[in-house]
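See below for the structure under consideration.
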Amino acid sequence: MRPEQGSPLSPTDLPGYADTARIDELRATEYPHLDRDGHVYLDYAGAGVTARAQVRAHHDRLLAGPYGNPHSESPTSAAAGSLVESARRAVLDFFHADPAEYAVVFTPNASGACRLVGEAYPFGPAAPFALTWDNHNSVNGIREYARAADAPVRYVPLSGPELRVAEADLVSVLDAGSEGRTGRGLFAYPAQSNFSGVHHPLEWVELAHRYGYDVLLDAAAFAATNRLDLRAVRPDFVCLSWYKLFGYPTGVGALLARRDALARLRRPWFAGGTIRAVSVQGDWHRSMDDESAFEDGTLNFLSIPDVEFGLRWLDSIGVDLVHTRVGLLTAWLLDRLTALRHRTGQPLVRVYGPATGTGRGGTVTFNVLRPDGAPVDERLVARQAATAGFSLRTGCFCNPGAGEGAFGITRQTLRRGLLDRIGTIDEYLDALALPTGGAVRVSFGLASTAADAERFVDFVESSYLDRDGDPGPPLPPRLRC
């Protein structure tokens, strides 16, 4: 069974789609490599895509003159240092951050930014760590630093089929232990879920502040297609990976931190570039008093200038334009997928998270279902999608909390004695009697077009509608979550 005739046959028929035509022009001129050999890229949540202009800018800059290690006073060092500082200013400008209030610390990626906060945050019995179930593992991992400092760790659960957080549950966690708390705590959550695409309210930043928490906002999935204005919302820490926004460079991220919050961090070690002076015999050191105290060793000074070009590039296209295009494609895809039904009456897909375009980003996660309602193994979908020329993601996307919420895994199910005996993900699934170990994720971004969405729907229909799905050769073991 296919969608009713009243629904738009193509995203191009949607009101407002024609207003995003500039993206189609850029796809033809700056991203023609996306269409080589009939490929379809649907993993913008994993990585953005690189424009020809970005590659040319990097090439031209490197050939224009030499650049040296910024930790020196030579002409080449000064040239590199100048470009790094210009990139810092560009980051602050893009997010409308007051340089007197915010600092930019360059990191290898968003995970590196999370680690910087986690290892240096003054956790303790009276300084807890609170976080939502819906978080990337790079945020979940901060709990190990908190526990090492005997700090309480409290999770805010997800609720309902849309995998959102009830604000009453959040308040309950933020208020827990408040009477005996003497220090500040840290609350961490994503502005956009990398699992379900849910947009969690930015208003939670101020709410957590009222309960005495600093806030770490994971904006890695959010910032590529949504405006984050740090004049309107003031998290203490923001974690970013630039390749998520515009594809290139990889290996460079950032921690945007309020200067007063950064000053409260206490690093457990020091490295080259982070100290003003150090003595071996005197067993003494003095850290730098600015953001460079958090930038270990030599920065990636040949790639950091590409961050500035990428931000200018994205700004010239318009984040709002990208937001509109991605929103239209996402709503259309959800409408088409959820309307498809087998002859048995069973739906073809089960969506995890919002089934409409409201209150969400361009990440859509689902399982394909057989005519009897059983899920098609996500590894089979990955294999068949790759053969058909689609780049998408399968698994649990480094977000086990959202996965547990999506698949109905409860604390009672997760008996610790059982988990201690498990060595692989497949053993874990067998122990929990789960029919599959993950889901399929497609995501739209800066250069996505109607044809991308249409071809994917055609693939799902032709491959799985009214079919049981032939597994073919043995599927590979699941290696990670």
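How things are named: the first chain in the structure tokens is A, the next is B, and so on; residues count from 1 in each chain; ligands count from 1 in the order shown.
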Which residues of stretch 108-134 of chain A come within 8 Å of stretch 149-152 of chain A, and what is each one's closest atom pair and distance in Å (one decimal), counting only C-alpha atoms, sorted by chain and residue number, as a Markdown table?
```
| residue | atom | partner | partner_atom | distance |
| --- | --- | --- | --- | --- |
| A:Phe123 | CA | A:Ala151 | CA | 5.7 |
| A:Gly124 | CA | A:Ala151 | CA | 4.4 |
| A:Pro125 | CA | A:Ala151 | CA | 4.4 |
| A:Ala126 | CA | A:Ala151 | CA | 6.8 |
| A:Ala127 | CA | A:Ala151 | CA | 6.1 |
| A:Pro128 | CA | A:Pro152 | CA | 4.8 |
| A:Phe129 | CA | A:Pro152 | CA | 6.2 |
```
Residues at most 8 Å from stretch 455-459 of chain A, counting only C-alpha atoms, excluding those fewer than 6 positions away in the same chain, as a PyMOL selection string? chain A and resi 333+336-337+385+388+390
Please give the complete set of residues from stretch 150-198 of chain A that DSSP, run on the backbone, assigns to helix (DSSP H, G or I), formatted as a ChimeraX atom specification. /A:167-175,178-180
Kindly save the residues from that selection, with all heavy atoms included, as a CSV table (one decimal), in the first residue's frame.
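Listing of selection.csv after writing:
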```
chain,number,residue,atom,x,y,z
A,167,GLU,N,9.8,17.8,31.1
A,167,GLU,CA,10.5,18.8,31.9
A,167,GLU,C,10.3,18.5,33.4
A,167,GLU,O,11.2,18.8,34.2
A,167,GLU,CB,9.9,20.2,31.6
A,167,GLU,CG,10.8,21.3,32.2
A,167,GLU,CD,10.5,22.7,31.6
A,167,GLU,OE1,10.7,22.8,30.3
A,167,GLU,OE2,10.1,23.6,32.3
A,168,ALA,N,9.2,17.9,33.8
A,168,ALA,CA,9.1,17.6,35.2
A,168,ALA,C,10.1,16.6,35.6
A,168,ALA,O,10.7,16.7,36.8
A,168,ALA,CB,7.7,17.0,35.5
A,169,ASP,N,10.5,15.7,34.8
A,169,ASP,CA,11.6,14.7,35.1
A,169,ASP,C,12.9,15.4,35.2
A,169,ASP,O,13.8,15.1,36.0
A,169,ASP,CB,11.7,13.6,34.0
A,169,ASP,CG,10.5,12.7,34.1
A,169,ASP,OD1,9.8,12.6,35.2
A,169,ASP,OD2,10.2,12.0,33.0
A,170,LEU,N,13.1,16.4,34.3
A,170,LEU,CA,14.4,17.2,34.4
A,170,LEU,C,14.5,17.9,35.7
A,170,LEU,O,15.5,17.9,36.4
A,170,LEU,CB,14.5,18.1,33.2
A,170,LEU,CG,15.6,19.1,33.2
A,170,LEU,CD1,17.0,18.4,33.2
A,170,LEU,CD2,15.5,20.0,32.0
A,171,VAL,N,13.4,18.6,36.0
A,171,VAL,CA,13.4,19.4,37.3
A,171,VAL,C,13.6,18.5,38.5
A,171,VAL,O,14.4,18.9,39.4
A,171,VAL,CB,12.1,20.2,37.4
A,171,VAL,CG1,11.9,20.8,38.8
A,171,VAL,CG2,12.0,21.3,36.4
A,172,SER,N,13.1,17.3,38.4
A,172,SER,CA,13.2,16.4,39.6
A,172,SER,C,14.7,16.0,39.7
A,172,SER,O,15.2,16.0,40.9
A,172,SER,CB,12.4,15.1,39.3
A,172,SER,OG,12.6,14.2,40.3
A,173,VAL,N,15.4,15.8,38.6
A,173,VAL,CA,16.8,15.5,38.7
A,173,VAL,C,17.7,16.7,39.1
A,173,VAL,O,18.6,16.6,40.0
A,173,VAL,CB,17.3,14.9,37.4
A,173,VAL,CG1,18.9,14.9,37.3
A,173,VAL,CG2,16.8,13.5,37.1
A,174,LEU,N,17.4,17.8,38.6
A,174,LEU,CA,18.1,19.0,38.9
A,174,LEU,C,17.9,19.4,40.4
A,174,LEU,O,18.8,20.0,41.0
A,174,LEU,CB,17.7,20.2,38.0
A,174,LEU,CG,18.1,20.1,36.5
A,174,LEU,CD1,17.5,21.3,35.8
A,174,LEU,CD2,19.6,19.9,36.3
A,175,ASP,N,16.8,19.1,40.9
A,175,ASP,CA,16.4,19.5,42.3
A,175,ASP,C,16.9,18.5,43.3
A,175,ASP,O,17.0,18.8,44.5
A,175,ASP,CB,14.9,19.7,42.4
A,175,ASP,CG,14.6,20.4,43.8
A,175,ASP,OD1,15.2,21.4,44.1
A,175,ASP,OD2,13.6,19.8,44.4
A,178,SER,N,19.5,19.1,46.3
A,178,SER,CA,19.8,20.5,46.3
A,178,SER,C,20.0,21.1,47.7
A,178,SER,O,20.8,22.1,47.9
A,178,SER,CB,18.7,21.3,45.6
A,178,SER,OG,17.5,21.1,46.2
A,179,GLU,N,19.3,20.6,48.7
A,179,GLU,CA,19.4,21.1,50.1
A,179,GLU,C,20.8,21.0,50.6
A,179,GLU,O,21.3,21.9,51.3
A,179,GLU,CB,18.4,20.4,51.0
A,179,GLU,CG,17.0,20.8,50.6
A,179,GLU,CD,16.0,20.2,51.6
A,179,GLU,OE1,16.4,19.5,52.6
A,179,GLU,OE2,14.8,20.3,51.4
A,180,GLY,N,21.5,19.9,50.3
A,180,GLY,CA,22.8,19.7,50.9
A,180,GLY,C,23.9,20.0,49.9
A,180,GLY,O,25.1,19.8,50.2
```
Mind checking DSSP for stretch 210-408 of chain A and telling me the strand (DSSP E or B) residues as JSON, numbers by chain? {"A": [213, 214, 215, 216, 217, 218, 237, 238, 239, 240, 241, 253, 254, 255, 256, 257, 258, 275, 276, 277, 278, 279, 284, 285, 286, 287, 341, 347, 349, 350, 351, 352, 360, 363, 364, 365, 366, 367, 368, 369, 375, 390, 391, 393, 394, 395]}
Near A:Ala100, within 9 Å and counting only C-alpha atoms, which residues show up once chain neighbours fewer than 2 positions away are dropped, as an mmCIF file with N, CA, C and O atoms, in the first residue's frame?
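Heads up, here's the output in around27.cif:
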```cif
data_model
loop_
_atom_site.group_PDB
_atom_site.id
_atom_site.type_symbol
_atom_site.label_atom_id
_atom_site.label_comp_id
_atom_site.auth_asym_id
_atom_site.auth_seq_id
_atom_site.Cartn_x
_atom_site.Cartn_y
_atom_site.Cartn_z
ATOM 1 N N ALA A 97 28.773 35.410 19.806
ATOM 2 C CA ALA A 97 29.288 35.308 21.172
ATOM 3 C C ALA A 97 30.164 36.512 21.490
ATOM 4 O O ALA A 97 31.065 36.854 20.714
ATOM 5 N N ASP A 98 29.918 37.148 22.616
ATOM 6 C CA ASP A 98 30.712 38.284 23.065
ATOM 7 C C ASP A 98 32.103 37.789 23.456
ATOM 8 O O ASP A 98 32.230 36.939 24.349
ATOM 9 N N TYR A 102 32.908 34.859 26.111
ATOM 10 C CA TYR A 102 33.213 33.517 25.633
ATOM 11 C C TYR A 102 34.634 33.417 25.079
ATOM 12 O O TYR A 102 35.156 34.372 24.502
ATOM 13 N N ALA A 103 35.214 32.244 25.256
ATOM 14 C CA ALA A 103 36.515 31.912 24.672
ATOM 15 C C ALA A 103 36.339 30.710 23.758
ATOM 16 O O ALA A 103 35.439 29.881 23.948
ATOM 17 N N ARG A 258 32.244 29.869 28.439
ATOM 18 C CA ARG A 258 32.191 31.145 29.132
ATOM 19 C C ARG A 258 33.459 31.274 29.964
ATOM 20 O O ARG A 258 33.914 30.321 30.612
ATOM 21 N N ARG A 259 34.029 32.433 29.921
ATOM 22 C CA ARG A 259 35.344 32.613 30.556
ATOM 23 C C ARG A 259 35.293 32.364 32.059
ATOM 24 O O ARG A 259 36.246 31.820 32.627
#
```
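Near stretch 393-395 of chain A, within 7 Å and counting only C-alpha atoms, sit A:Asp43, A:Glu378, A:Ala382, A:Gly437, A:Gly438, A:Ala439, A:Val440, A:Arg441, A:Val442, A:Cys481; same-chain residues fewer than 6 positions away were not included.
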Go ahead and dump the residues you just picked, N, CA and C atoms, as a JSON list (two decimals), in the first residue's frame.
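Listing of part25.json after writing:
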```json
[["chain", "number", "residue", "atom", "x", "y", "z"],
["A", 43, "ASP", "N", 24.14, 10.73, 5.10],
["A", 43, "ASP", "CA", 24.75, 10.59, 6.44],
["A", 43, "ASP", "C", 25.33, 11.92, 6.92],
["A", 378, "GLU", "N", 19.20, -4.71, 10.68],
["A", 378, "GLU", "CA", 19.77, -3.45, 10.16],
["A", 378, "GLU", "C", 21.05, -3.69, 9.38],
["A", 382, "ALA", "N", 21.92, -2.24, 5.69],
["A", 382, "ALA", "CA", 23.18, -1.56, 5.39],
["A", 382, "ALA", "C", 23.84, -2.16, 4.16],
["A", 437, "GLY", "N", 19.70, -5.34, 16.66],
["A", 437, "GLY", "CA", 20.65, -4.63, 17.51],
["A", 437, "GLY", "C", 20.78, -3.16, 17.23],
["A", 438, "GLY", "N", 19.93, -2.64, 16.41],
["A", 438, "GLY", "CA", 20.05, -1.23, 16.10],
["A", 438, "GLY", "C", 18.99, -0.81, 15.10],
["A", 439, "ALA", "N", 19.24, 0.25, 14.40],
["A", 439, "ALA", "CA", 18.26, 0.82, 13.49],
["A", 439, "ALA", "C", 18.99, 1.39, 12.27],
["A", 440, "VAL", "N", 18.21, 1.96, 11.40],
["A", 440, "VAL", "CA", 18.72, 2.62, 10.20],
["A", 440, "VAL", "C", 18.57, 4.13, 10.40],
["A", 441, "ARG", "N", 19.61, 4.88, 10.07],
["A", 441, "ARG", "CA", 19.54, 6.34, 10.22],
["A", 441, "ARG", "C", 19.89, 7.00, 8.90],
["A", 442, "VAL", "N", 19.00, 7.87, 8.44],
["A", 442, "VAL", "CA", 19.31, 8.73, 7.30],
["A", 442, "VAL", "C", 19.22, 10.16, 7.78],
["A", 481, "CYS", "N", 28.86, -0.03, 19.69],
["A", 481, "CYS", "CA", 27.68, 0.81, 19.81],
["A", 481, "CYS", "C", 28.13, 2.16, 20.33]]
```
Excluding A:Arg210 and its own-chain neighbours fewer than 2 positions away, which residues fall within 12 Å of it when counting only C-alpha atoms? Please give them as a PDB file with N, CA and C atoms, in the first residue's frame.
```
ATOM      1  N   VAL A 171      13.396  18.616  36.037  1.00  0.00           N
ATOM      2  CA  VAL A 171      13.394  19.403  37.272  1.00  0.00           C
ATOM      3  C   VAL A 171      13.641  18.499  38.467  1.00  0.00           C
ATOM      4  N   LEU A 174      17.368  17.840  38.572  1.00  0.00           N
ATOM      5  CA  LEU A 174      18.138  19.039  38.927  1.00  0.00           C
ATOM      6  C   LEU A 174      17.938  19.428  40.386  1.00  0.00           C
ATOM      7  N   ASP A 175      16.753  19.120  40.914  1.00  0.00           N
ATOM      8  CA  ASP A 175      16.443  19.501  42.293  1.00  0.00           C
ATOM      9  C   ASP A 175      16.941  18.471  43.309  1.00  0.00           C
ATOM     10  N   SER A 178      19.475  19.119  46.341  1.00  0.00           N
ATOM     11  CA  SER A 178      19.806  20.549  46.318  1.00  0.00           C
ATOM     12  C   SER A 178      19.993  21.127  47.716  1.00  0.00           C
ATOM     13  N   ARG A 184      28.571  23.869  42.652  1.00  0.00           N
ATOM     14  CA  ARG A 184      27.799  23.819  41.423  1.00  0.00           C
ATOM     15  C   ARG A 184      27.872  22.406  40.854  1.00  0.00           C
ATOM     16  N   GLY A 185      26.899  22.051  40.051  1.00  0.00           N
ATOM     17  CA  GLY A 185      26.927  20.787  39.337  1.00  0.00           C
ATOM     18  C   GLY A 185      27.067  21.045  37.854  1.00  0.00           C
ATOM     19  N   PHE A 187      25.322  19.950  34.149  1.00  0.00           N
ATOM     20  CA  PHE A 187      24.231  19.322  33.430  1.00  0.00           C
ATOM     21  C   PHE A 187      24.589  19.304  31.949  1.00  0.00           C
ATOM     22  N   GLU A 203      15.905  26.394  26.219  1.00  0.00           N
ATOM     23  CA  GLU A 203      15.506  27.055  27.468  1.00  0.00           C
ATOM     24  C   GLU A 203      15.987  26.291  28.700  1.00  0.00           C
ATOM     25  N   TRP A 204      16.358  25.033  28.523  1.00  0.00           N
ATOM     26  CA  TRP A 204      16.867  24.270  29.656  1.00  0.00           C
ATOM     27  C   TRP A 204      18.166  24.836  30.205  1.00  0.00           C
ATOM     28  N   VAL A 205      18.887  25.582  29.386  1.00  0.00           N
ATOM     29  CA  VAL A 205      20.139  26.174  29.863  1.00  0.00           C
ATOM     30  C   VAL A 205      19.856  27.082  31.051  1.00  0.00           C
ATOM     31  N   GLU A 206      18.916  27.990  30.880  1.00  0.00           N
ATOM     32  CA  GLU A 206      18.582  28.909  31.969  1.00  0.00           C
ATOM     33  C   GLU A 206      17.927  28.173  33.125  1.00  0.00           C
ATOM     34  N   LEU A 207      17.105  27.170  32.822  1.00  0.00           N
ATOM     35  CA  LEU A 207      16.478  26.385  33.875  1.00  0.00           C
ATOM     36  C   LEU A 207      17.537  25.725  34.759  1.00  0.00           C
ATOM     37  N   ALA A 208      18.541  25.107  34.142  1.00  0.00           N
ATOM     38  CA  ALA A 208      19.603  24.453  34.910  1.00  0.00           C
ATOM     39  C   ALA A 208      20.413  25.464  35.700  1.00  0.00           C
ATOM     40  N   GLY A 212      21.451  25.902  39.951  1.00  0.00           N
ATOM     41  CA  GLY A 212      22.843  25.879  40.378  1.00  0.00           C
ATOM     42  C   GLY A 212      23.755  24.986  39.557  1.00  0.00           C
ATOM     43  N   TYR A 213      23.398  24.732  38.309  1.00  0.00           N
ATOM     44  CA  TYR A 213      24.206  23.891  37.437  1.00  0.00           C
ATOM     45  C   TYR A 213      24.882  24.717  36.345  1.00  0.00           C
ATOM     46  N   ASP A 214      26.124  24.371  36.045  1.00  0.00           N
ATOM     47  CA  ASP A 214      26.723  24.770  34.780  1.00  0.00           C
ATOM     48  C   ASP A 214      26.149  23.855  33.707  1.00  0.00           C
ATOM     49  N   VAL A 215      26.160  24.324  32.460  1.00  0.00           N
ATOM     50  CA  VAL A 215      25.549  23.550  31.377  1.00  0.00           C
ATOM     51  C   VAL A 215      26.553  23.302  30.266  1.00  0.00           C
TER      52      VAL A 215
END
```
All residues 10 Å or closer to stretch 266-277 of chain A, only C-alpha atoms, same chain fewer than 4 positions away omitted, as a short mmCIF file (atom, residue, chain, number, x, y, z; two decimals) with C-alpha atoms, in the first residue's frame:
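Written out: result_27.cif:
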```cif
data_model
loop_
_atom_site.label_atom_id
_atom_site.label_comp_id
_atom_site.auth_asym_id
_atom_site.auth_seq_id
_atom_site.Cartn_x
_atom_site.Cartn_y
_atom_site.Cartn_z
CA PRO A 70 52.70 29.13 16.22
CA HIS A 71 54.73 28.52 19.42
CA LEU A 116 38.40 18.73 28.41
CA VAL A 117 35.39 19.66 30.49
CA GLY A 118 35.01 16.24 32.09
CA GLU A 119 38.60 15.82 33.21
CA ALA A 120 38.85 19.33 34.66
CA TYR A 121 35.39 19.93 36.12
CA PRO A 122 35.45 20.21 39.95
CA LEU A 262 36.59 28.04 32.06
CA TRP A 284 56.32 23.85 39.91
CA HIS A 285 54.44 25.17 36.90
CA ARG A 286 52.30 28.15 35.98
CA SER A 287 49.53 27.67 33.41
CA MET A 288 48.65 30.15 30.71
CA ASP A 289 45.82 32.40 31.79
CA ASP A 290 43.76 32.25 28.58
CA GLU A 291 42.23 29.60 26.32
CA SER A 292 45.65 28.34 25.26
CA ALA A 293 45.90 26.69 28.70
CA PHE A 294 43.51 24.09 27.29
CA GLU A 295 45.12 23.58 23.87
CA ASP A 296 47.60 20.72 24.31
CA GLY A 297 50.68 20.80 22.16
CA THR A 298 50.79 22.31 18.70
CA LEU A 299 47.44 23.22 17.21
#
```
I'd like the neighbourhood of A:Gly403 as a list in words, where a residue qualifies if any of its atoms comes within 10 Å (using only C-alpha atoms), though same-chain residues fewer than 3 positions away should be ignored.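 Skipping anything fewer than 3 positions along the chain leaves Trp133, Asp134, Leu163, Phe195, Ser196, Tyr352, Gly395, Cys396, Phe397, Cys398, Asn399, Pro400, Ala406, Phe407, Gly408, Ile409, Gly437, Gly438, Ala439 and Cys481 of chain A.
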Create the file for the chosen residues now, containing N, CA, C and O atoms and written as a PDB file, in the first residue's frame.
```pdb
ATOM      1  N   TRP A 133      19.261  10.765  29.219  1.00  0.00           N
ATOM      2  CA  TRP A 133      19.534   9.479  28.557  1.00  0.00           C
ATOM      3  C   TRP A 133      20.043   9.723  27.150  1.00  0.00           C
ATOM      4  O   TRP A 133      20.930   9.027  26.675  1.00  0.00           O
ATOM      5  N   ASP A 134      19.416  10.668  26.487  1.00  0.00           N
ATOM      6  CA  ASP A 134      19.733  10.975  25.087  1.00  0.00           C
ATOM      7  C   ASP A 134      21.020  11.792  25.039  1.00  0.00           C
ATOM      8  O   ASP A 134      21.004  13.020  25.129  1.00  0.00           O
ATOM      9  N   LEU A 163      10.479  10.057  22.149  1.00  0.00           N
ATOM     10  CA  LEU A 163      11.787  10.041  22.817  1.00  0.00           C
ATOM     11  C   LEU A 163      12.209  11.435  23.275  1.00  0.00           C
ATOM     12  O   LEU A 163      13.359  11.848  23.115  1.00  0.00           O
ATOM     13  N   PHE A 195      20.511  10.545  17.557  1.00  0.00           N
ATOM     14  CA  PHE A 195      19.773   9.293  17.348  1.00  0.00           C
ATOM     15  C   PHE A 195      18.417   9.562  16.689  1.00  0.00           C
ATOM     16  O   PHE A 195      18.121   9.015  15.631  1.00  0.00           O
ATOM     17  N   SER A 196      17.617  10.385  17.302  1.00  0.00           N
ATOM     18  CA  SER A 196      16.232  10.572  16.856  1.00  0.00           C
ATOM     19  C   SER A 196      15.988  11.873  16.115  1.00  0.00           C
ATOM     20  O   SER A 196      14.924  12.036  15.499  1.00  0.00           O
ATOM     21  N   TYR A 352      11.650   5.883  15.166  1.00  0.00           N
ATOM     22  CA  TYR A 352      12.007   6.153  16.559  1.00  0.00           C
ATOM     23  C   TYR A 352      12.194   7.659  16.712  1.00  0.00           C
ATOM     24  O   TYR A 352      13.111   8.238  16.129  1.00  0.00           O
ATOM     25  N   GLY A 395      23.004   0.902  13.205  1.00  0.00           N
ATOM     26  CA  GLY A 395      23.561   0.600  14.517  1.00  0.00           C
ATOM     27  C   GLY A 395      22.796   1.337  15.595  1.00  0.00           C
ATOM     28  O   GLY A 395      21.579   1.520  15.501  1.00  0.00           O
ATOM     29  N   CYS A 396      23.511   1.776  16.641  1.00  0.00           N
ATOM     30  CA  CYS A 396      22.858   2.561  17.701  1.00  0.00           C
ATOM     31  C   CYS A 396      23.488   3.946  17.824  1.00  0.00           C
ATOM     32  O   CYS A 396      23.125   4.710  18.711  1.00  0.00           O
ATOM     33  N   PHE A 397      24.449   4.271  16.934  1.00  0.00           N
ATOM     34  CA  PHE A 397      24.904   5.638  16.733  1.00  0.00           C
ATOM     35  C   PHE A 397      25.570   6.259  17.959  1.00  0.00           C
ATOM     36  O   PHE A 397      25.445   7.456  18.216  1.00  0.00           O
ATOM     37  N   CYS A 398      26.274   5.438  18.734  1.00  0.00           N
ATOM     38  CA  CYS A 398      26.997   5.916  19.921  1.00  0.00           C
ATOM     39  C   CYS A 398      26.073   6.622  20.911  1.00  0.00           C
ATOM     40  O   CYS A 398      26.498   7.514  21.640  1.00  0.00           O
ATOM     41  N   ASN A 399      24.811   6.232  20.916  1.00  0.00           N
ATOM     42  CA  ASN A 399      23.831   6.855  21.810  1.00  0.00           C
ATOM     43  C   ASN A 399      22.994   5.753  22.459  1.00  0.00           C
ATOM     44  O   ASN A 399      21.832   5.535  22.105  1.00  0.00           O
ATOM     45  N   PRO A 400      23.573   5.023  23.417  1.00  0.00           N
ATOM     46  CA  PRO A 400      22.858   3.880  23.995  1.00  0.00           C
ATOM     47  C   PRO A 400      21.613   4.265  24.779  1.00  0.00           C
ATOM     48  O   PRO A 400      20.653   3.480  24.839  1.00  0.00           O
ATOM     49  N   ALA A 406      14.274   3.728  22.798  1.00  0.00           N
ATOM     50  CA  ALA A 406      13.590   3.346  21.566  1.00  0.00           C
ATOM     51  C   ALA A 406      13.176   1.883  21.574  1.00  0.00           C
ATOM     52  O   ALA A 406      12.069   1.531  21.144  1.00  0.00           O
ATOM     53  N   PHE A 407      14.059   1.012  22.071  1.00  0.00           N
ATOM     54  CA  PHE A 407      13.803  -0.425  22.012  1.00  0.00           C
ATOM     55  C   PHE A 407      13.140  -0.974  23.272  1.00  0.00           C
ATOM     56  O   PHE A 407      12.969  -2.182  23.409  1.00  0.00           O
ATOM     57  N   GLY A 408      12.778  -0.080  24.197  1.00  0.00           N
ATOM     58  CA  GLY A 408      12.031  -0.511  25.383  1.00  0.00           C
ATOM     59  C   GLY A 408      12.849  -1.313  26.371  1.00  0.00           C
ATOM     60  O   GLY A 408      12.310  -2.159  27.090  1.00  0.00           O
ATOM     61  N   ILE A 409      14.148  -1.050  26.449  1.00  0.00           N
ATOM     62  CA  ILE A 409      15.006  -1.751  27.404  1.00  0.00           C
ATOM     63  C   ILE A 409      14.879  -1.064  28.758  1.00  0.00           C
ATOM     64  O   ILE A 409      15.050   0.152  28.866  1.00  0.00           O
ATOM     65  N   GLY A 437      19.700  -5.344  16.664  1.00  0.00           N
ATOM     66  CA  GLY A 437      20.652  -4.630  17.508  1.00  0.00           C
ATOM     67  C   GLY A 437      20.783  -3.158  17.226  1.00  0.00           C
ATOM     68  O   GLY A 437      21.678  -2.499  17.751  1.00  0.00           O
ATOM     69  N   GLY A 438      19.926  -2.637  16.409  1.00  0.00           N
ATOM     70  CA  GLY A 438      20.052  -1.230  16.101  1.00  0.00           C
ATOM     71  C   GLY A 438      18.993  -0.812  15.105  1.00  0.00           C
ATOM     72  O   GLY A 438      17.954  -1.465  14.957  1.00  0.00           O
ATOM     73  N   ALA A 439      19.241   0.252  14.396  1.00  0.00           N
ATOM     74  CA  ALA A 439      18.265   0.821  13.488  1.00  0.00           C
ATOM     75  C   ALA A 439      18.988   1.391  12.274  1.00  0.00           C
ATOM     76  O   ALA A 439      20.206   1.300  12.145  1.00  0.00           O
ATOM     77  N   CYS A 481      28.863  -0.032  19.686  1.00  0.00           N
ATOM     78  CA  CYS A 481      27.677   0.806  19.807  1.00  0.00           C
ATOM     79  C   CYS A 481      28.132   2.155  20.334  1.00  0.00           C
ATOM     80  O   CYS A 481      28.758   2.219  21.379  1.00  0.00           O
TER      81      CYS A 481
END
```
Point-to-point distance in Å for atom CA of A:Ile425 and atom CA of A:Thr410: 17.1 Å
Of the candidates A:Ala80, A:Ala191, A:Ala223, A:Val322, which one gets nearest to A:Ile304 if we count only C-alpha atoms?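 Of the candidates, the smallest distance to A:Ile304 is held by A:Ala80.
Among the candidate residues A:Val104, A:Arg143, A:Asp306, A:Ser279, the one lying nearest to A:His59 is A:Asp306, with distances computed using only C-alpha atoms.
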Calculated over only C-alpha atoms, which of the candidates A:Pro108, A:Pro477, A:Gly353, A:Gly445 has the smallest distance to A:Glu427?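 Checking each of A:Pro108, A:Pro477, A:Gly353, A:Gly445 against A:Glu427, counting only C-alpha atoms, the winner is A:Pro477.
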